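S.K.: Questions regarding the structure given below will be posed in turn.
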Amino acid sequence: MRDSIKGDGNAANLNRYFAGPALTYWSKRIEAVKEQGLTSTGAYRYYGFEVTDVAIGKTAAVRYCEDQRKAYSKEIKTDKVRRTTPSDDDFILTTLQATKNSRGDWQVQTTSWKKADASCVQR
């Protein structure tokens with residue numbers, strides 16, 4: 001999705017790997033960020049990946065953690081970085097449901113997040 005943050009929400013990878021409610025959410029979110037004149041910068045770290053359920057090779061439940069302590073918003077026009085103070089809220093537990101489409105690509109259908117989840121927070 002990083003390649004689509006400055007775009008219109010119709011990036012090829014977004015449409016390939018997201019469908020249903022997740023595609024709708026991310027397309028709208030990308031548009032909203034663009035309308036605010038923002039993009040992202042810095043480093044995101046992902047860890048703790050776990051596939052928690054697979055059914056007949058066609059659906060999967062996945063969870064992972066994200067560390068956003070070094071990730072920031074950036075104003076597109078001025079390149080000004082909006083730095084924040086790191087906190088437990090920078091650690092996010094993401095859970096998603098995915099299905100395999102007819103091309104064999106896994107597509108995220110739904111996504112949920114929980115900030116400051118104890119299983120993700122690192123010091």
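Chain identifiers are assigned as A, B, and so on, following the order in which chains appear in the structure tokens; residues are numbered from 1 within each chain, and ligands are numbered from 1 in order of appearance.
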Please return as a PyMOL selection string: the residues of chain A that backbone DSSP assigns to strand (DSSP E).
M.R.: chain A and resi 38-55+59-75+81-82+91-100+106-115
S.K.: Write out as a compact mmCIF listing (two decimals) with C-alpha atoms, in the first residue's frame each polymer residue whose atoms come within 8 Å of stretch 78-92 of chain A, counting only C-alpha atoms; drop sequence neighbours fewer than 4 positions from it.
M.R.:
# COMPACT_ATOMS: atom_id res chain seq x y z
CA THR A 41 7.43 8.56 5.98
CA CYS A 65 2.06 -6.73 15.18
CA GLU A 66 3.16 -3.36 13.84
CA ASP A 67 5.61 -0.93 15.42
CA GLN A 68 4.94 2.66 14.30
CA ARG A 69 7.37 4.42 16.68
CA LYS A 70 9.49 5.61 13.75
CA TYR A 72 5.18 9.69 10.78
CA SER A 73 2.84 11.75 8.65
CA LYS A 74 4.50 14.11 6.19
CA TRP A 113 -6.70 -3.12 14.71
CA LYS A 114 -6.03 -2.75 18.39
CA LYS A 115 -3.59 -0.09 19.61
CA ALA A 116 -1.35 -0.74 22.60
CA ASP A 117 -2.15 -4.45 22.58
CA CYS A 120 2.66 -6.32 20.63
CA VAL A 121 4.08 -3.67 22.96
CA GLN A 122 7.88 -3.76 23.15
S.K.: My list of candidates is A:Thr39, A:Thr99, A:Ser119, A:Thr52. Which is closest to A:Gly20 when distances are computed with only C-alpha atoms?
M.R.: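 Closest candidate: A:Thr99.
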S.K.: When distances are computed from only C-alpha atoms, which of A:Leu14, A:Ala71, A:Ala60, A:Ala55 shows the smallest separation from A:Arg29?
M.R.: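 Looking only at the distances to A:Arg29, the closest residue turns out to be A:Leu14.
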S.K.: Leaving out A:Tyr25 and any residue of its chain fewer than 6 positions from it, which residues lie within 12 Å of it when counting only C-alpha atoms, given as an MDAnalysis selection string?
M.R.: chainID A and resid 9 14:15 18:19 31:32 108:112
S.K.: Check the DSSP output for the backbone and give back, as a PyMOL selection string, the residues of chain A in alpha helix (DSSP H).
M.R.: chain A and resi 12-17+20-35
S.K.: Which residues come within 12 Å of A:Tyr17, counting only C-alpha atoms, excluding same-chain residues fewer than 4 positions away, as a PyMOL selection string?
M.R.: chain A and resi 1+10-13+22-23+26+97-101+103-110
S.K.: Residues as selected, N, CA and C atoms, written as an mmCIF file, in the first residue's frame, can you do that?
M.R.:
data_model
loop_
_atom_site.group_PDB
_atom_site.id
_atom_site.type_symbol
_atom_site.label_atom_id
_atom_site.label_comp_id
_atom_site.auth_asym_id
_atom_site.auth_seq_id
_atom_site.Cartn_x
_atom_site.Cartn_y
_atom_site.Cartn_z
ATOM 1 N N MET A 1 0.804 -1.189 0.000
ATOM 2 C CA MET A 1 0.000 0.000 0.000
ATOM 3 C C MET A 1 0.847 1.252 0.000
ATOM 4 N N ASN A 10 -6.439 3.545 -6.280
ATOM 5 C CA ASN A 10 -6.631 2.533 -7.314
ATOM 6 C C ASN A 10 -5.323 1.876 -7.729
ATOM 7 N N ALA A 11 -4.372 1.803 -6.827
ATOM 8 C CA ALA A 11 -3.085 1.183 -7.128
ATOM 9 C C ALA A 11 -3.280 -0.292 -7.456
ATOM 10 N N ALA A 12 -2.509 -0.788 -8.389
ATOM 11 C CA ALA A 12 -2.645 -2.174 -8.842
ATOM 12 C C ALA A 12 -2.538 -3.169 -7.685
ATOM 13 N N ASN A 13 -1.564 -3.000 -6.803
ATOM 14 C CA ASN A 13 -1.404 -3.944 -5.699
ATOM 15 C C ASN A 13 -2.557 -3.865 -4.709
ATOM 16 N N ALA A 22 -12.458 -4.509 3.012
ATOM 17 C CA ALA A 22 -11.083 -4.030 3.192
ATOM 18 C C ALA A 22 -10.663 -3.128 2.028
ATOM 19 N N LEU A 23 -11.006 -3.486 0.807
ATOM 20 C CA LEU A 23 -10.677 -2.645 -0.350
ATOM 21 C C LEU A 23 -11.405 -1.309 -0.256
ATOM 22 N N TRP A 26 -9.656 0.837 2.564
ATOM 23 C CA TRP A 26 -8.340 1.373 2.219
ATOM 24 C C TRP A 26 -8.406 2.368 1.065
ATOM 25 N N GLN A 97 -8.885 -11.233 7.780
ATOM 26 C CA GLN A 97 -9.461 -12.414 7.130
ATOM 27 C C GLN A 97 -9.146 -12.290 5.644
ATOM 28 N N ALA A 98 -8.666 -13.350 5.049
ATOM 29 C CA ALA A 98 -8.325 -13.340 3.630
ATOM 30 C C ALA A 98 -8.946 -14.541 2.938
ATOM 31 N N THR A 99 -9.218 -14.357 1.656
ATOM 32 C CA THR A 99 -9.723 -15.451 0.827
ATOM 33 C C THR A 99 -8.854 -15.538 -0.419
ATOM 34 N N LYS A 100 -8.762 -16.740 -0.979
ATOM 35 C CA LYS A 100 -8.005 -16.939 -2.208
ATOM 36 C C LYS A 100 -8.964 -16.744 -3.379
ATOM 37 N N ASN A 101 -8.591 -15.854 -4.314
ATOM 38 C CA ASN A 101 -9.460 -15.605 -5.468
ATOM 39 C C ASN A 101 -9.192 -16.614 -6.592
ATOM 40 N N ARG A 103 -7.656 -16.331 -9.304
ATOM 41 C CA ARG A 103 -6.293 -16.252 -9.850
ATOM 42 C C ARG A 103 -5.268 -16.880 -8.917
ATOM 43 N N GLY A 104 -5.721 -17.222 -7.698
ATOM 44 C CA GLY A 104 -4.804 -17.797 -6.727
ATOM 45 C C GLY A 104 -4.174 -16.778 -5.796
ATOM 46 N N ASP A 105 -4.593 -15.519 -5.904
ATOM 47 C CA ASP A 105 -4.073 -14.469 -5.023
ATOM 48 C C ASP A 105 -4.872 -14.448 -3.725
ATOM 49 N N TRP A 106 -4.175 -14.284 -2.619
ATOM 50 C CA TRP A 106 -4.849 -14.077 -1.340
ATOM 51 C C TRP A 106 -5.267 -12.628 -1.257
ATOM 52 N N GLN A 107 -6.547 -12.389 -0.956
ATOM 53 C CA GLN A 107 -7.074 -11.033 -0.847
ATOM 54 C C GLN A 107 -7.638 -10.801 0.548
ATOM 55 N N VAL A 108 -7.208 -9.715 1.164
ATOM 56 C CA VAL A 108 -7.717 -9.327 2.477
ATOM 57 C C VAL A 108 -9.161 -8.864 2.301
ATOM 58 N N GLN A 109 -10.059 -9.446 3.090
ATOM 59 C CA GLN A 109 -11.477 -9.078 3.048
ATOM 60 C C GLN A 109 -11.855 -8.140 4.191
ATOM 61 N N THR A 110 -11.353 -8.433 5.383
ATOM 62 C CA THR A 110 -11.630 -7.591 6.547
ATOM 63 C C THR A 110 -10.353 -7.423 7.359
#
S.K.: When you draw a straight line from atom CA of A:Thr24 to atom CA of A:Gly42, how long is it in Å?
M.R.: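 Spanning atom CA of A:Thr24 to atom CA of A:Gly42 is a straight-line distance of 25.5 Å.
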